[in-house]
Amino acid sequence: MSGMFDASQLTAFGDVLLARGVARRALISASVKKGAQNVKNSIRDDLKGSGNKAFRSIPITYTMIETPGRISAEIGPTKGGTGSLANIAFFGTAKGGGTHRFYEHGEEELPKLAEYVARAAVEVV
């Protein structure tokens with residue numbers, strides 16, 4: 001009974017799993033980024049059709065957020081300037097408004113995003 005073993009195969013297997021995890025996370029991150037860009041573009045296209053000149057210039061951006069176990073994107077208007085008019089454009093006031101869609105663009109993108117993320121999760125095998 002020698003009590004010794006060669007751990008090189010186990011180490012190599014661990015390296016392969018780690019590499020796959022990194023590649024999988026990169027593919028999922030790219031999928032979320034593409035989805036965020038699509039939503040941003042849809043919101044911008046919606047605003048470009050506005051009859052209100054100030055609404056047409058509301059800046060829309062997205063920020064990728066990556067933490068352990070989670071990849072997400074925050075999409076919305078920038079603060080200040082014409083970005084301050086976003087609430088009126090999307091949600092209106094007591095006097096009206098709210099003629100532009102906001103959350104709906106994300107809801108439309110969600111099935112495609114889910115498909116891309118699912119595909120990315122299994123592609124790296």
# chains A, B, ... in the order shown; residues from 1 in each chain; ligands from 1
>>> select_by_dssp(residues="chain A", states="alpha helix (DSSP H)", output="MDAnalysis selection string")
chainID A and resid 8:48 53:56 86:91 103:123
>>> residues_around(residues="His105 in chain A", least_positions_apart="2", cutoff="8 Å", atoms="only C-alpha atoms", output="MDAnalysis selection string")
chainID A and resid 39 42:43 101:103 107:109
>>> closest_residue(among="A:Ala12, A:Ala89, A:Ala120, A:Ala114", to="Gly51 in chain A", atoms="only C-alpha atoms")
A:Ala89
>>> closest_residue(among="A:Ala94, A:Ile75, A:Ile88, A:Val117", to="Gln37 in chain A", atoms="only C-alpha atoms")
A:Ile75
>>> select_by_dssp(residues="chain A", states="strand (DSSP E)", output="compact mmCIF listing (two decimals) with all heavy atoms, in the first residue's frame")
# COMPACT_ATOMS: atom_id res chain seq x y z
N ILE A 60 -30.58 57.23 -23.63
CA ILE A 60 -30.80 55.93 -23.02
C ILE A 60 -29.47 55.17 -23.02
O ILE A 60 -28.78 55.12 -24.04
CB ILE A 60 -31.86 55.11 -23.80
CG1 ILE A 60 -33.17 55.88 -23.92
CG2 ILE A 60 -32.08 53.75 -23.14
CD1 ILE A 60 -33.88 56.17 -22.62
N THR A 61 -29.11 54.64 -21.87
CA THR A 61 -27.86 53.88 -21.75
C THR A 61 -28.13 52.57 -21.01
O THR A 61 -29.22 52.36 -20.48
CB THR A 61 -26.80 54.68 -20.97
OG1 THR A 61 -27.29 54.92 -19.64
CG2 THR A 61 -26.47 55.99 -21.64
N TYR A 62 -27.12 51.72 -21.00
CA TYR A 62 -27.21 50.52 -20.18
C TYR A 62 -25.86 50.28 -19.51
O TYR A 62 -24.82 50.72 -20.00
CB TYR A 62 -27.65 49.29 -20.97
CG TYR A 62 -26.67 48.77 -21.98
CD1 TYR A 62 -25.71 47.83 -21.63
CD2 TYR A 62 -26.70 49.21 -23.29
CE1 TYR A 62 -24.81 47.36 -22.56
CE2 TYR A 62 -25.81 48.74 -24.22
CZ TYR A 62 -24.87 47.81 -23.85
OH TYR A 62 -23.97 47.35 -24.78
N THR A 63 -25.91 49.64 -18.36
CA THR A 63 -24.72 49.31 -17.60
C THR A 63 -24.75 47.83 -17.29
O THR A 63 -25.75 47.32 -16.79
CB THR A 63 -24.69 50.10 -16.27
OG1 THR A 63 -24.77 51.49 -16.55
CG2 THR A 63 -23.42 49.81 -15.49
N MET A 64 -23.67 47.14 -17.61
CA MET A 64 -23.54 45.72 -17.30
C MET A 64 -23.09 45.59 -15.85
O MET A 64 -22.21 46.32 -15.39
CB MET A 64 -22.52 45.05 -18.21
CG MET A 64 -22.93 45.00 -19.66
SD MET A 64 -24.30 43.90 -19.98
CE MET A 64 -23.59 42.31 -19.52
N ILE A 65 -23.70 44.64 -15.14
CA ILE A 65 -23.35 44.38 -13.75
C ILE A 65 -23.05 42.89 -13.62
O ILE A 65 -23.92 42.06 -13.90
CB ILE A 65 -24.50 44.77 -12.80
CG1 ILE A 65 -24.85 46.25 -13.00
CG2 ILE A 65 -24.13 44.48 -11.35
CD1 ILE A 65 -26.17 46.65 -12.42
N GLU A 66 -21.82 42.57 -13.23
CA GLU A 66 -21.42 41.18 -13.07
C GLU A 66 -20.94 40.95 -11.65
O GLU A 66 -20.03 41.61 -11.19
CB GLU A 66 -20.34 40.80 -14.08
CG GLU A 66 -20.84 40.89 -15.52
CD GLU A 66 -19.91 40.21 -16.51
OE1 GLU A 66 -19.23 39.23 -16.14
OE2 GLU A 66 -19.88 40.67 -17.66
N THR A 67 -21.60 40.04 -10.97
CA THR A 67 -21.22 39.62 -9.63
C THR A 67 -21.17 38.09 -9.64
O THR A 67 -21.67 37.47 -10.59
CB THR A 67 -22.24 40.11 -8.58
OG1 THR A 67 -23.52 39.59 -8.90
CG2 THR A 67 -22.29 41.64 -8.54
N ARG A 70 -24.21 36.02 -11.00
CA ARG A 70 -25.23 36.88 -11.61
C ARG A 70 -24.61 37.80 -12.65
O ARG A 70 -23.58 38.41 -12.42
CB ARG A 70 -25.91 37.71 -10.54
CG ARG A 70 -26.88 38.73 -11.12
CD ARG A 70 -27.63 39.43 -10.07
NE ARG A 70 -28.70 38.53 -9.68
CZ ARG A 70 -29.71 38.87 -8.93
NH1 ARG A 70 -29.78 40.08 -8.44
NH2 ARG A 70 -30.66 38.02 -8.63
N ILE A 71 -25.29 37.89 -13.78
CA ILE A 71 -24.92 38.84 -14.83
C ILE A 71 -26.20 39.57 -15.20
O ILE A 71 -27.20 38.95 -15.55
CB ILE A 71 -24.35 38.13 -16.07
CG1 ILE A 71 -23.10 37.33 -15.70
CG2 ILE A 71 -24.04 39.14 -17.17
CD1 ILE A 71 -22.61 36.41 -16.79
N SER A 72 -26.19 40.89 -15.09
CA SER A 72 -27.40 41.65 -15.40
C SER A 72 -27.04 42.97 -16.06
O SER A 72 -25.87 43.33 -16.16
CB SER A 72 -28.21 41.91 -14.12
OG SER A 72 -27.44 42.67 -13.20
N ALA A 73 -28.07 43.65 -16.53
CA ALA A 73 -27.88 44.96 -17.15
C ALA A 73 -28.97 45.89 -16.66
O ALA A 73 -30.12 45.49 -16.53
CB ALA A 73 -27.94 44.83 -18.67
N GLU A 74 -28.59 47.11 -16.36
CA GLU A 74 -29.55 48.16 -16.01
C GLU A 74 -29.67 49.07 -17.22
O GLU A 74 -28.67 49.58 -17.72
CB GLU A 74 -29.07 48.96 -14.80
CG GLU A 74 -29.15 48.18 -13.52
CD GLU A 74 -28.76 49.01 -12.30
OE1 GLU A 74 -28.47 50.23 -12.45
OE2 GLU A 74 -28.73 48.45 -11.21
N ILE A 75 -30.91 49.28 -17.67
CA ILE A 75 -31.17 50.07 -18.86
C ILE A 75 -32.07 51.23 -18.48
O ILE A 75 -33.08 51.02 -17.79
CB ILE A 75 -31.87 49.22 -19.94
CG1 ILE A 75 -31.08 47.94 -20.19
CG2 ILE A 75 -32.06 50.02 -21.22
CD1 ILE A 75 -31.87 46.86 -20.88
N GLY A 76 -31.73 52.42 -18.91
CA GLY A 76 -32.59 53.55 -18.60
C GLY A 76 -32.01 54.86 -19.07
O GLY A 76 -30.92 54.90 -19.65
N PRO A 77 -32.74 55.93 -18.82
CA PRO A 77 -32.27 57.26 -19.22
C PRO A 77 -31.16 57.73 -18.30
O PRO A 77 -31.08 57.32 -17.14
CB PRO A 77 -33.52 58.13 -19.06
CG PRO A 77 -34.33 57.43 -18.01
CD PRO A 77 -34.06 55.97 -18.19
>>> atom_distance(atom1="CA of Gly21 in chain A", atom2="CA of Lys33 in chain A")
18.1 Å
>>> residues_around(residues="His100 in chain A", least_positions_apart="6", cutoff="10 Å", atoms="only C-alpha atoms", output="ChimeraX atom specification")
/A:43,46-47,49-50,55,86-92
>>> atom_distance(atom1="CA of Thr82 in chain A", atom2="CA of Ile58 in chain A")
5.1 Å
>>> atom_distance(atom1="CA of Glu115 in chain A", atom2="CA of Ser29 in chain A")
13.4 Å
